[in-house]
Amino acid sequence: MDYVLESSGLTKRYGGRAVVKDLSMHIRRGDIYGFIGRNGAGKTTFMRLILGLAVPDAGTFSLFGGENHAEAGQKVGSVIEAPAIYAGCTAQENLKRFSLLSNRGSSETLSDREIAERLELVGLGDVGKKKAGHFSLGMRQRLAIAIAMLGDPEFLVMDEPVNGLDPEGIRDVRDTIKRLNHEKGVTFLISSHLLDELSKTVSRYGIIDNGVLLEEIDADELATRFRRNVSLTVNDPGRAIQVFHELLPRQEVKAEGAVVTVFGRETPAAVLNRMLVEHGVEVGALMTQTKDIEDYFIERIGG
């Protein structure tokens with residue numbers, strides 16, 4: 001497997017408290033990896049560790065299959081805090097200034113053509129001479145992404161990139177991330193608490209709570225868990241389980257008391273009801289429900 005990031009047992013303590021605990025993460029090349037956790041769960045601290053902005057107390061991590069960290073760091077960009085842009089400069093002038101600071105050479109800056117290409121890529125190709133201080137928050141965030149992409153990184157780390165944005169700004173940042181992933185092959189690690197929005201973008205999730213990575217799961221696999229579930233209240237749950245086990249995969253059926261639930265099954269509820277009735281099982285109540293990513297997240301972190 002071609003991993004951009006692998007961490008093993010990564011741990012960071014502050015004041016004797018482990019903010020990140022024995023965390024092992026795997027991000028494949030080409031992933032848009034959604035890092036989910038409530039505030040204070042350890043997301044930002046983990047990001048700071050892999051960016052070299054903090055030193056781990058235990059554990060290790062590797063970038064690009066074990067490259068030297070100094071060399072690998074040249075392939076990594078980040079948008080961790082509010083973008084520190086030059087408010088009195090245009091987007092073009094900002095990129096020229098930051099390219100001079102990004103160690104491309106003692107006096108080398110991006111050409112006008114390169115700047116235009118980068119601004120077009122993040123959806124800022126038409127801002128002209130408008131000063132960055134007059135940009136919307138979403139435009140500033142996209143400019144920050146363009147600045148983070150100056151060294152043509154292969155891996156971009158973003159902490160809450162749509163926090164505080166209006167719906168249009170969120171959509172624009174989302175489109176920028178997808179464009180960079182699809183057109184430039186950039187791998188992303190993105191933290192966010194806007195789970196519904198994150199689900200429109202990511203290919204893989206990591207769920208963290210109290211510094212512990214609870215689970216890594218592909219978006220496609222998680223989506224199968226959101227299919228409709230059917231719960232039936234019956235007079236003979238043992239017989240109902242037996243009937244369903246003869247007709248359905250065992251892992252899709254669960255009983256709690258008098259309630260038998262069939263998970264992830266596209267079979268109409270009426271058909272499931274008829275199966276039981278035809279085998280002498282009385283159904284007193286029937287309910288269908290569909291979980292979404294927020295339900296799953298809350299279930300995993302225990303409320």
# chains A, B, ... in the order shown; residues from 1 in each chain; ligands from 1

$ select_by_dssp --residues "stretch 131-259 of chain A" --states "helix (DSSP H, G or I)" --output "ChimeraX atom specification"
/A:132-134,137-148,167-184,195-198,219-224,237-247,250-252

$ closest_atom_pairs --of "stretch 135-233 of chain A" --to "stretch 238-249 of chain A" --cutoff "12 Å" --atoms "only C-alpha atoms" --output "CSV"
residue,atom,partner,partner_atom,distance
A:Ser231,CA,A:Ala240,CA,11.6
A:Leu232,CA,A:Ala240,CA,9.4
A:Thr233,CA,A:Ala240,CA,9.9

$ write_last_selection --atoms "all heavy atoms" --output "compact mmCIF listing (two decimals), in the first residue's frame"
# COMPACT_ATOMS: atom_id res chain seq x y z
N SER A 231 -36.99 -2.33 11.81
CA SER A 231 -37.17 -2.93 13.13
C SER A 231 -38.61 -3.44 13.25
O SER A 231 -39.56 -2.70 12.97
CB SER A 231 -36.88 -1.91 14.23
OG SER A 231 -35.52 -1.54 14.22
N LEU A 232 -38.75 -4.70 13.68
CA LEU A 232 -40.08 -5.32 13.81
C LEU A 232 -40.25 -5.81 15.25
O LEU A 232 -39.40 -6.52 15.78
CB LEU A 232 -40.22 -6.50 12.85
CG LEU A 232 -39.94 -6.20 11.36
CD1 LEU A 232 -38.54 -6.67 10.98
CD2 LEU A 232 -40.99 -6.87 10.46
N THR A 233 -41.35 -5.42 15.87
CA THR A 233 -41.70 -5.91 17.21
C THR A 233 -42.56 -7.15 17.04
O THR A 233 -43.62 -7.09 16.40
CB THR A 233 -42.46 -4.84 18.00
OG1 THR A 233 -41.65 -3.66 18.08
CG2 THR A 233 -42.76 -5.34 19.41

$ select_by_dssp --residues "stretch 176-299 of chain A" --states "strand (DSSP E or B)" --output "VMD selection string"
chain A and resid 187 to 191 204 to 209 212 to 218 229 to 234 253 to 256 259 to 262 283 to 289

$ residues_around --residues "A:Val202" --least-positions-apart "2" --cutoff "7 Å" --atoms "only C-alpha atoms" --output "list in words"
Ile32, Tyr33, Gly34, Leu198, Ser199, Lys200, Arg204 and Ala219 of chain A

$ closest_atom_pairs --of "stretch 4-94 of chain A" --to "stretch 107-125 of chain A" --cutoff "10 Å" --atoms "only C-alpha atoms" --output "Markdown table"
| residue | atom | partner | partner_atom | distance |
| --- | --- | --- | --- | --- |
| A:Ala91 | CA | A:Leu119 | CA | 7.7 |
| A:Gln92 | CA | A:Ile115 | CA | 6.4 |
| A:Glu93 | CA | A:Ile115 | CA | 9.2 |
| A:Asn94 | CA | A:Ile115 | CA | 9.8 |

$ write_last_selection --atoms "N, CA, C and O atoms" --output "PDB file, in the first residue's frame"
ATOM      1  N   ALA A  91      -4.473  39.297  -4.606  1.00  0.00           N
ATOM      2  CA  ALA A  91      -4.165  37.866  -4.531  1.00  0.00           C
ATOM      3  C   ALA A  91      -2.856  37.569  -5.254  1.00  0.00           C
ATOM      4  O   ALA A  91      -2.023  36.797  -4.768  1.00  0.00           O
ATOM      5  N   GLN A  92      -2.673  38.190  -6.409  1.00  0.00           N
ATOM      6  CA  GLN A  92      -1.440  37.984  -7.176  1.00  0.00           C
ATOM      7  C   GLN A  92      -0.225  38.451  -6.389  1.00  0.00           C
ATOM      8  O   GLN A  92       0.800  37.765  -6.319  1.00  0.00           O
ATOM      9  N   GLU A  93      -0.339  39.624  -5.774  1.00  0.00           N
ATOM     10  CA  GLU A  93       0.793  40.153  -5.000  1.00  0.00           C
ATOM     11  C   GLU A  93       1.077  39.282  -3.773  1.00  0.00           C
ATOM     12  O   GLU A  93       2.236  39.096  -3.396  1.00  0.00           O
ATOM     13  N   ASN A  94       0.032  38.748  -3.155  1.00  0.00           N
ATOM     14  CA  ASN A  94       0.227  37.855  -2.020  1.00  0.00           C
ATOM     15  C   ASN A  94       1.039  36.627  -2.425  1.00  0.00           C
ATOM     16  O   ASN A  94       1.992  36.242  -1.733  1.00  0.00           O
TER      17      ASN A  94
END

$ atom_distance --atom1 "atom CA of A:Gly151" --atom2 "atom CA of A:Lys75"
7.3 Å

$ residues_around --residues "A:Gly37" --least-positions-apart "4" --cutoff "10 Å" --atoms "only C-alpha atoms" --output "PDB file with N, CA and C atoms, in the first residue's frame"
ATOM      1  N   ALA A  41     -10.641  17.024  21.035  1.00  0.00           N
ATOM      2  CA  ALA A  41     -10.406  15.584  20.910  1.00  0.00           C
ATOM      3  C   ALA A  41      -8.953  15.250  20.601  1.00  0.00           C
ATOM      4  N   GLY A  42      -8.188  16.232  20.102  1.00  0.00           N
ATOM      5  CA  GLY A  42      -6.778  15.995  19.792  1.00  0.00           C
ATOM      6  C   GLY A  42      -6.430  16.141  18.322  1.00  0.00           C
ATOM      7  N   LYS A  43      -7.391  16.587  17.502  1.00  0.00           N
ATOM      8  CA  LYS A  43      -7.163  16.688  16.051  1.00  0.00           C
ATOM      9  C   LYS A  43      -6.028  17.652  15.725  1.00  0.00           C
ATOM     10  N   SER A 191      -9.592  18.144   8.991  1.00  0.00           N
ATOM     11  CA  SER A 191     -10.430  18.016  10.185  1.00  0.00           C
ATOM     12  C   SER A 191     -11.646  18.916  10.028  1.00  0.00           C
ATOM     13  N   SER A 192     -12.755  18.473  10.578  1.00  0.00           N
ATOM     14  CA  SER A 192     -13.971  19.292  10.544  1.00  0.00           C
ATOM     15  C   SER A 192     -14.991  18.720  11.511  1.00  0.00           C
ATOM     16  N   HIS A 193     -15.822  19.617  12.047  1.00  0.00           N
ATOM     17  CA  HIS A 193     -16.952  19.156  12.859  1.00  0.00           C
ATOM     18  C   HIS A 193     -18.246  19.224  12.061  1.00  0.00           C
ATOM     19  N   LEU A 195     -20.036  17.446   9.827  1.00  0.00           N
ATOM     20  CA  LEU A 195     -19.949  16.089   9.323  1.00  0.00           C
ATOM     21  C   LEU A 195     -20.685  15.904   8.002  1.00  0.00           C
ATOM     22  N   GLY A 206     -11.265   9.073   9.777  1.00  0.00           N
ATOM     23  CA  GLY A 206     -10.672   8.661  11.037  1.00  0.00           C
ATOM     24  C   GLY A 206     -11.456   9.326  12.151  1.00  0.00           C
ATOM     25  N   ILE A 207     -11.920   8.556  13.130  1.00  0.00           N
ATOM     26  CA  ILE A 207     -12.735   9.088  14.228  1.00  0.00           C
ATOM     27  C   ILE A 207     -11.898   9.096  15.496  1.00  0.00           C
ATOM     28  N   ILE A 208     -11.731  10.280  16.101  1.00  0.00           N
ATOM     29  CA  ILE A 208     -10.909  10.434  17.295  1.00  0.00           C
ATOM     30  C   ILE A 208     -11.759  10.930  18.457  1.00  0.00           C
ATOM     31  N   ASP A 209     -11.488  10.415  19.651  1.00  0.00           N
ATOM     32  CA  ASP A 209     -12.178  10.880  20.857  1.00  0.00           C
ATOM     33  C   ASP A 209     -11.203  10.798  22.025  1.00  0.00           C
ATOM     34  N   ASN A 210     -11.076  11.903  22.747  1.00  0.00           N
ATOM     35  CA  ASN A 210     -10.154  11.973  23.890  1.00  0.00           C
ATOM     36  C   ASN A 210      -8.756  11.500  23.522  1.00  0.00           C
ATOM     37  N   GLY A 211      -8.305  11.902  22.343  1.00  0.00           N
ATOM     38  CA  GLY A 211      -6.945  11.592  21.912  1.00  0.00           C
ATOM     39  C   GLY A 211      -6.747  10.218  21.332  1.00  0.00           C
ATOM     40  N   VAL A 212      -7.789   9.380  21.332  1.00  0.00           N
ATOM     41  CA  VAL A 212      -7.687   8.001  20.852  1.00  0.00           C
ATOM     42  C   VAL A 212      -8.380   7.872  19.494  1.00  0.00           C
ATOM     43  N   LEU A 213      -7.681   7.283  18.525  1.00  0.00           N
ATOM     44  CA  LEU A 213      -8.295   7.027  17.231  1.00  0.00           C
ATOM     45  C   LEU A 213      -9.164   5.783  17.342  1.00  0.00           C
ATOM     46  N   LEU A 214     -10.475   5.981  17.284  1.00  0.00           N
ATOM     47  CA  LEU A 214     -11.410   4.881  17.500  1.00  0.00           C
ATOM     48  C   LEU A 214     -11.548   3.979  16.286  1.00  0.00           C
ATOM     49  N   PHE A 297     -21.300   8.802  14.106  1.00  0.00           N
ATOM     50  CA  PHE A 297     -20.254   9.446  14.881  1.00  0.00           C
ATOM     51  C   PHE A 297     -20.638   9.499  16.366  1.00  0.00           C
ATOM     52  N   ILE A 298     -21.851   9.926  16.648  1.00  0.00           N
ATOM     53  CA  ILE A 298     -22.303  10.015  18.037  1.00  0.00           C
ATOM     54  C   ILE A 298     -22.325   8.642  18.698  1.00  0.00           C
ATOM     55  N   ILE A 301     -18.633   7.644  19.572  1.00  0.00           N
ATOM     56  CA  ILE A 301     -17.969   8.340  20.685  1.00  0.00           C
ATOM     57  C   ILE A 301     -18.786   8.260  21.970  1.00  0.00           C
TER      58      ILE A 301
END

$ residues_around --residues "A:Thr224" --least-positions-apart "2" --cutoff "12 Å" --atoms "only C-alpha atoms" --output "PyMOL selection string"
chain A and resi 217-222+226-229+252+263-266+290-293+296

$ residues_around --residues "stretch 58-63 of chain A" --least-positions-apart "6" --cutoff "8 Å" --atoms "only C-alpha atoms" --output "number ranges by chain"
A: 3-12, 22, 50, 69, 72

$ write_last_selection --atoms "C-alpha atoms" --output "mmCIF file, in the first residue's frame"
data_model
loop_
_atom_site.group_PDB
_atom_site.id
_atom_site.type_symbol
_atom_site.label_atom_id
_atom_site.label_comp_id
_atom_site.auth_asym_id
_atom_site.auth_seq_id
_atom_site.Cartn_x
_atom_site.Cartn_y
_atom_site.Cartn_z
ATOM 1 C CA TYR A 3 0.925 5.558 2.201
ATOM 2 C CA VAL A 4 1.517 9.301 2.369
ATOM 3 C CA LEU A 5 1.314 9.206 6.180
ATOM 4 C CA GLU A 6 1.667 6.390 8.705
ATOM 5 C CA SER A 7 1.805 7.002 12.431
ATOM 6 C CA SER A 8 2.429 4.385 15.102
ATOM 7 C CA GLY A 9 1.609 4.919 18.764
ATOM 8 C CA LEU A 10 1.936 8.685 18.466
ATOM 9 C CA THR A 11 1.461 10.331 21.878
ATOM 10 C CA LYS A 12 1.607 13.920 23.106
ATOM 11 C CA ASP A 22 -1.073 5.912 21.101
ATOM 12 C CA ILE A 50 3.080 15.474 11.869
ATOM 13 C CA HIS A 69 11.446 14.108 7.449
ATOM 14 C CA ALA A 72 9.414 14.807 3.010
#

$ closest_residue --among "A:Val234, A:Leu95, A:Leu53, A:Met47" --to "A:Met158" --atoms "only C-alpha atoms"
A:Met47

$ residues_around --residues "stretch 167-173 of chain A" --least-positions-apart "2" --cutoff "12 Å" --atoms "only C-alpha atoms" --output "MDAnalysis selection string"
chainID A and resid 121:124 135:146 158 160:165 175:180 190 192 194 196:198 200:201

$ write_last_selection --atoms "N, CA, C and O atoms" --output "short mmCIF file (atom, residue, chain, number, x, y, z; two decimals), in the first residue's frame"
data_model
loop_
_atom_site.label_atom_id
_atom_site.label_comp_id
_atom_site.auth_asym_id
_atom_site.auth_seq_id
_atom_site.Cartn_x
_atom_site.Cartn_y
_atom_site.Cartn_z
N LEU A 121 -6.89 27.75 -10.24
CA LEU A 121 -7.12 26.44 -9.65
C LEU A 121 -7.96 26.52 -8.37
O LEU A 121 -8.76 25.63 -8.08
N VAL A 122 -7.80 27.61 -7.61
CA VAL A 122 -8.56 27.76 -6.36
C VAL A 122 -9.77 28.68 -6.54
O VAL A 122 -10.39 29.09 -5.57
N GLY A 123 -10.09 28.99 -7.79
CA GLY A 123 -11.29 29.78 -8.05
C GLY A 123 -11.14 31.27 -7.80
O GLY A 123 -12.14 31.97 -7.57
N LEU A 124 -9.91 31.76 -7.86
CA LEU A 124 -9.68 33.20 -7.67
C LEU A 124 -9.07 33.84 -8.91
O LEU A 124 -8.37 34.85 -8.83
N PHE A 135 -11.57 40.74 0.71
CA PHE A 135 -12.08 39.42 0.34
C PHE A 135 -13.07 38.93 1.39
O PHE A 135 -12.97 39.27 2.57
N SER A 136 -14.00 38.09 0.95
CA SER A 136 -14.85 37.37 1.91
C SER A 136 -13.99 36.34 2.63
O SER A 136 -12.86 36.02 2.20
N LEU A 137 -14.52 35.78 3.72
CA LEU A 137 -13.77 34.78 4.47
C LEU A 137 -13.47 33.55 3.61
O LEU A 137 -12.37 32.99 3.67
N GLY A 138 -14.44 33.18 2.78
CA GLY A 138 -14.22 32.04 1.89
C GLY A 138 -13.13 32.30 0.88
O GLY A 138 -12.32 31.42 0.57
N MET A 139 -13.08 33.53 0.33
CA MET A 139 -12.03 33.90 -0.62
C MET A 139 -10.66 33.90 0.07
O MET A 139 -9.66 33.45 -0.50
N ARG A 140 -10.63 34.37 1.31
CA ARG A 140 -9.36 34.34 2.06
C ARG A 140 -8.88 32.91 2.27
O ARG A 140 -7.69 32.62 2.20
N GLN A 141 -9.83 32.04 2.55
CA GLN A 141 -9.45 30.65 2.79
C GLN A 141 -8.91 30.02 1.52
O GLN A 141 -7.94 29.25 1.56
N ARG A 142 -9.52 30.33 0.39
CA ARG A 142 -9.01 29.79 -0.87
C ARG A 142 -7.65 30.39 -1.22
O ARG A 142 -6.79 29.71 -1.79
N LEU A 143 -7.43 31.64 -0.86
CA LEU A 143 -6.11 32.24 -1.05
C LEU A 143 -5.09 31.54 -0.16
O LEU A 143 -3.95 31.28 -0.58
N ALA A 144 -5.49 31.20 1.06
CA ALA A 144 -4.60 30.47 1.96
C ALA A 144 -4.23 29.11 1.37
O ALA A 144 -3.08 28.65 1.51
N ILE A 145 -5.18 28.46 0.72
CA ILE A 145 -4.90 27.18 0.07
C ILE A 145 -3.90 27.38 -1.07
O ILE A 145 -2.96 26.60 -1.23
N ALA A 146 -4.09 28.45 -1.85
CA ALA A 146 -3.15 28.74 -2.94
C ALA A 146 -1.75 28.98 -2.39
O ALA A 146 -0.75 28.51 -2.97
N MET A 158 -5.22 20.32 6.55
CA MET A 158 -6.11 21.46 6.74
C MET A 158 -6.95 21.25 7.99
O MET A 158 -7.65 20.24 8.13
N GLU A 160 -10.02 22.41 10.08
CA GLU A 160 -11.30 23.13 10.03
C GLU A 160 -11.32 24.17 8.91
O GLU A 160 -11.55 25.37 9.15
N PRO A 161 -11.11 23.77 7.67
CA PRO A 161 -10.98 24.75 6.58
C PRO A 161 -12.25 25.52 6.25
O PRO A 161 -12.17 26.58 5.62
N VAL A 162 -13.42 25.01 6.66
CA VAL A 162 -14.66 25.72 6.34
C VAL A 162 -15.31 26.32 7.58
O VAL A 162 -16.45 26.78 7.52
N ASN A 163 -14.58 26.34 8.68
CA ASN A 163 -15.14 26.88 9.93
C ASN A 163 -15.48 28.36 9.76
O ASN A 163 -14.65 29.18 9.36
N GLY A 164 -16.72 28.72 10.05
CA GLY A 164 -17.15 30.12 9.99
C GLY A 164 -17.56 30.60 8.63
O GLY A 164 -17.98 31.76 8.48
N LEU A 165 -17.49 29.73 7.61
CA LEU A 165 -17.86 30.16 6.26
C LEU A 165 -19.37 30.06 6.03
O LEU A 165 -20.05 29.23 6.64
N ASP A 175 -15.14 22.64 -3.47
CA ASP A 175 -14.83 22.45 -4.88
C ASP A 175 -13.32 22.57 -5.13
O ASP A 175 -12.76 21.86 -5.97
N THR A 176 -12.68 23.48 -4.40
CA THR A 176 -11.23 23.65 -4.54
C THR A 176 -10.49 22.38 -4.11
O THR A 176 -9.56 21.92 -4.78
N ILE A 177 -10.90 21.81 -2.98
CA ILE A 177 -10.27 20.58 -2.49
C ILE A 177 -10.44 19.45 -3.50
O ILE A 177 -9.48 18.73 -3.83
N LYS A 178 -11.64 19.28 -4.01
CA LYS A 178 -11.89 18.23 -5.00
C LYS A 178 -11.06 18.45 -6.26
O LYS A 178 -10.52 17.49 -6.84
N ARG A 179 -10.96 19.70 -6.69
CA ARG A 179 -10.22 20.00 -7.91
C ARG A 179 -8.73 19.67 -7.74
O ARG A 179 -8.11 19.06 -8.61
N LEU A 180 -8.17 20.06 -6.60
CA LEU A 180 -6.75 19.78 -6.35
C LEU A 180 -6.50 18.28 -6.24
O LEU A 180 -5.47 17.77 -6.69
N ILE A 190 -8.03 16.41 6.44
CA ILE A 190 -8.91 17.53 6.75
C ILE A 190 -9.69 17.25 8.03
O ILE A 190 -10.37 16.22 8.14
N SER A 192 -12.75 18.47 10.58
CA SER A 192 -13.97 19.29 10.54
C SER A 192 -14.99 18.72 11.51
O SER A 192 -15.01 17.52 11.77
N LEU A 194 -18.18 19.72 10.81
CA LEU A 194 -19.36 19.77 9.95
C LEU A 194 -19.44 18.45 9.19
O LEU A 194 -18.97 18.32 8.06
N ASP A 196 -21.83 16.52 7.85
CA ASP A 196 -22.57 16.38 6.61
C ASP A 196 -21.78 16.96 5.45
O ASP A 196 -21.72 16.37 4.37
N GLU A 197 -21.14 18.09 5.68
CA GLU A 197 -20.32 18.70 4.64
C GLU A 197 -19.10 17.84 4.34
O GLU A 197 -18.74 17.63 3.17
N LEU A 198 -18.48 17.32 5.36
CA LEU A 198 -17.30 16.48 5.17
C LEU A 198 -17.64 15.25 4.33
O LEU A 198 -16.84 14.82 3.49
N LYS A 200 -19.45 14.98 1.88
CA LYS A 200 -19.56 15.28 0.44
C LYS A 200 -18.20 15.29 -0.24
O LYS A 200 -18.12 15.40 -1.47
N THR A 201 -17.13 15.17 0.55
CA THR A 201 -15.79 15.36 0.01
C THR A 201 -14.88 14.16 0.22
O THR A 201 -14.15 13.77 -0.68
#

$ decode --residues "stretch 206-216 of chain A" --atoms "all heavy atoms" --output "mmCIF file, in the first residue's frame"
data_model
loop_
_atom_site.group_PDB
_atom_site.id
_atom_site.type_symbol
_atom_site.label_atom_id
_atom_site.label_comp_id
_atom_site.auth_asym_id
_atom_site.auth_seq_id
_atom_site.Cartn_x
_atom_site.Cartn_y
_atom_site.Cartn_z
ATOM 1 N N GLY A 206 -11.265 9.073 9.777
ATOM 2 C CA GLY A 206 -10.672 8.661 11.037
ATOM 3 C C GLY A 206 -11.456 9.326 12.151
ATOM 4 O O GLY A 206 -11.669 10.546 12.116
ATOM 5 N N ILE A 207 -11.920 8.556 13.130
ATOM 6 C CA ILE A 207 -12.735 9.088 14.228
ATOM 7 C C ILE A 207 -11.898 9.096 15.496
ATOM 8 O O ILE A 207 -11.386 8.059 15.924
ATOM 9 C CB ILE A 207 -14.007 8.249 14.436
ATOM 10 C CG1 ILE A 207 -14.840 8.223 13.154
ATOM 11 C CG2 ILE A 207 -14.834 8.803 15.598
ATOM 12 C CD1 ILE A 207 -16.052 7.299 13.227
ATOM 13 N N ILE A 208 -11.731 10.280 16.101
ATOM 14 C CA ILE A 208 -10.909 10.434 17.295
ATOM 15 C C ILE A 208 -11.759 10.930 18.457
ATOM 16 O O ILE A 208 -12.658 11.754 18.278
ATOM 17 C CB ILE A 208 -9.730 11.415 17.031
ATOM 18 C CG1 ILE A 208 -8.794 11.473 18.233
ATOM 19 C CG2 ILE A 208 -10.233 12.787 16.624
ATOM 20 C CD1 ILE A 208 -7.527 12.311 17.987
ATOM 21 N N ASP A 209 -11.488 10.415 19.651
ATOM 22 C CA ASP A 209 -12.178 10.880 20.857
ATOM 23 C C ASP A 209 -11.203 10.798 22.025
ATOM 24 O O ASP A 209 -10.554 9.759 22.234
ATOM 25 C CB ASP A 209 -13.408 10.019 21.136
ATOM 26 C CG ASP A 209 -14.281 10.617 22.234
ATOM 27 O OD1 ASP A 209 -14.492 11.845 22.222
ATOM 28 O OD2 ASP A 209 -14.750 9.854 23.101
ATOM 29 N N ASN A 210 -11.076 11.903 22.747
ATOM 30 C CA ASN A 210 -10.154 11.973 23.890
ATOM 31 C C ASN A 210 -8.756 11.500 23.522
ATOM 32 O O ASN A 210 -8.096 10.780 24.277
ATOM 33 C CB ASN A 210 -10.684 11.152 25.067
ATOM 34 C CG ASN A 210 -11.929 11.761 25.684
ATOM 35 O OD1 ASN A 210 -12.031 12.986 25.820
ATOM 36 N ND2 ASN A 210 -12.893 10.927 26.038
ATOM 37 N N GLY A 211 -8.305 11.902 22.343
ATOM 38 C CA GLY A 211 -6.945 11.592 21.912
ATOM 39 C C GLY A 211 -6.747 10.218 21.332
ATOM 40 O O GLY A 211 -5.651 9.884 20.875
ATOM 41 N N VAL A 212 -7.789 9.380 21.332
ATOM 42 C CA VAL A 212 -7.687 8.001 20.852
ATOM 43 C C VAL A 212 -8.380 7.872 19.494
ATOM 44 O O VAL A 212 -9.528 8.295 19.341
ATOM 45 C CB VAL A 212 -8.333 7.018 21.856
ATOM 46 C CG1 VAL A 212 -8.290 5.588 21.323
ATOM 47 C CG2 VAL A 212 -7.632 7.107 23.204
ATOM 48 N N LEU A 213 -7.681 7.283 18.525
ATOM 49 C CA LEU A 213 -8.295 7.027 17.231
ATOM 50 C C LEU A 213 -9.164 5.783 17.342
ATOM 51 O O LEU A 213 -8.666 4.668 17.490
ATOM 52 C CB LEU A 213 -7.220 6.830 16.152
ATOM 53 C CG LEU A 213 -7.728 6.788 14.710
ATOM 54 C CD1 LEU A 213 -8.312 8.140 14.300
ATOM 55 C CD2 LEU A 213 -6.617 6.388 13.751
ATOM 56 N N LEU A 214 -10.475 5.981 17.284
ATOM 57 C CA LEU A 214 -11.410 4.881 17.500
ATOM 58 C C LEU A 214 -11.548 3.979 16.286
ATOM 59 O O LEU A 214 -11.742 2.765 16.419
ATOM 60 C CB LEU A 214 -12.790 5.432 17.866
ATOM 61 C CG LEU A 214 -12.879 6.328 19.108
ATOM 62 C CD1 LEU A 214 -14.305 6.828 19.285
ATOM 63 C CD2 LEU A 214 -12.412 5.583 20.347
ATOM 64 N N GLU A 215 -11.462 4.586 15.099
ATOM 65 C CA GLU A 215 -11.725 3.796 13.902
ATOM 66 C C GLU A 215 -11.246 4.540 12.670
ATOM 67 O O GLU A 215 -11.279 5.768 12.606
ATOM 68 C CB GLU A 215 -13.236 3.528 13.773
ATOM 69 C CG GLU A 215 -13.636 2.694 12.583
ATOM 70 C CD GLU A 215 -15.137 2.426 12.527
ATOM 71 O OE1 GLU A 215 -15.905 3.197 13.152
ATOM 72 O OE2 GLU A 215 -15.538 1.448 11.871
ATOM 73 N N GLU A 216 -10.773 3.782 11.678
ATOM 74 C CA GLU A 216 -10.544 4.284 10.325
ATOM 75 C C GLU A 216 -11.453 3.478 9.405
ATOM 76 O O GLU A 216 -11.515 2.254 9.500
ATOM 77 C CB GLU A 216 -9.090 4.100 9.904
ATOM 78 C CG GLU A 216 -8.120 4.993 10.652
ATOM 79 C CD GLU A 216 -6.695 4.859 10.134
ATOM 80 O OE1 GLU A 216 -6.143 3.734 10.209
ATOM 81 O OE2 GLU A 216 -6.155 5.851 9.650
#
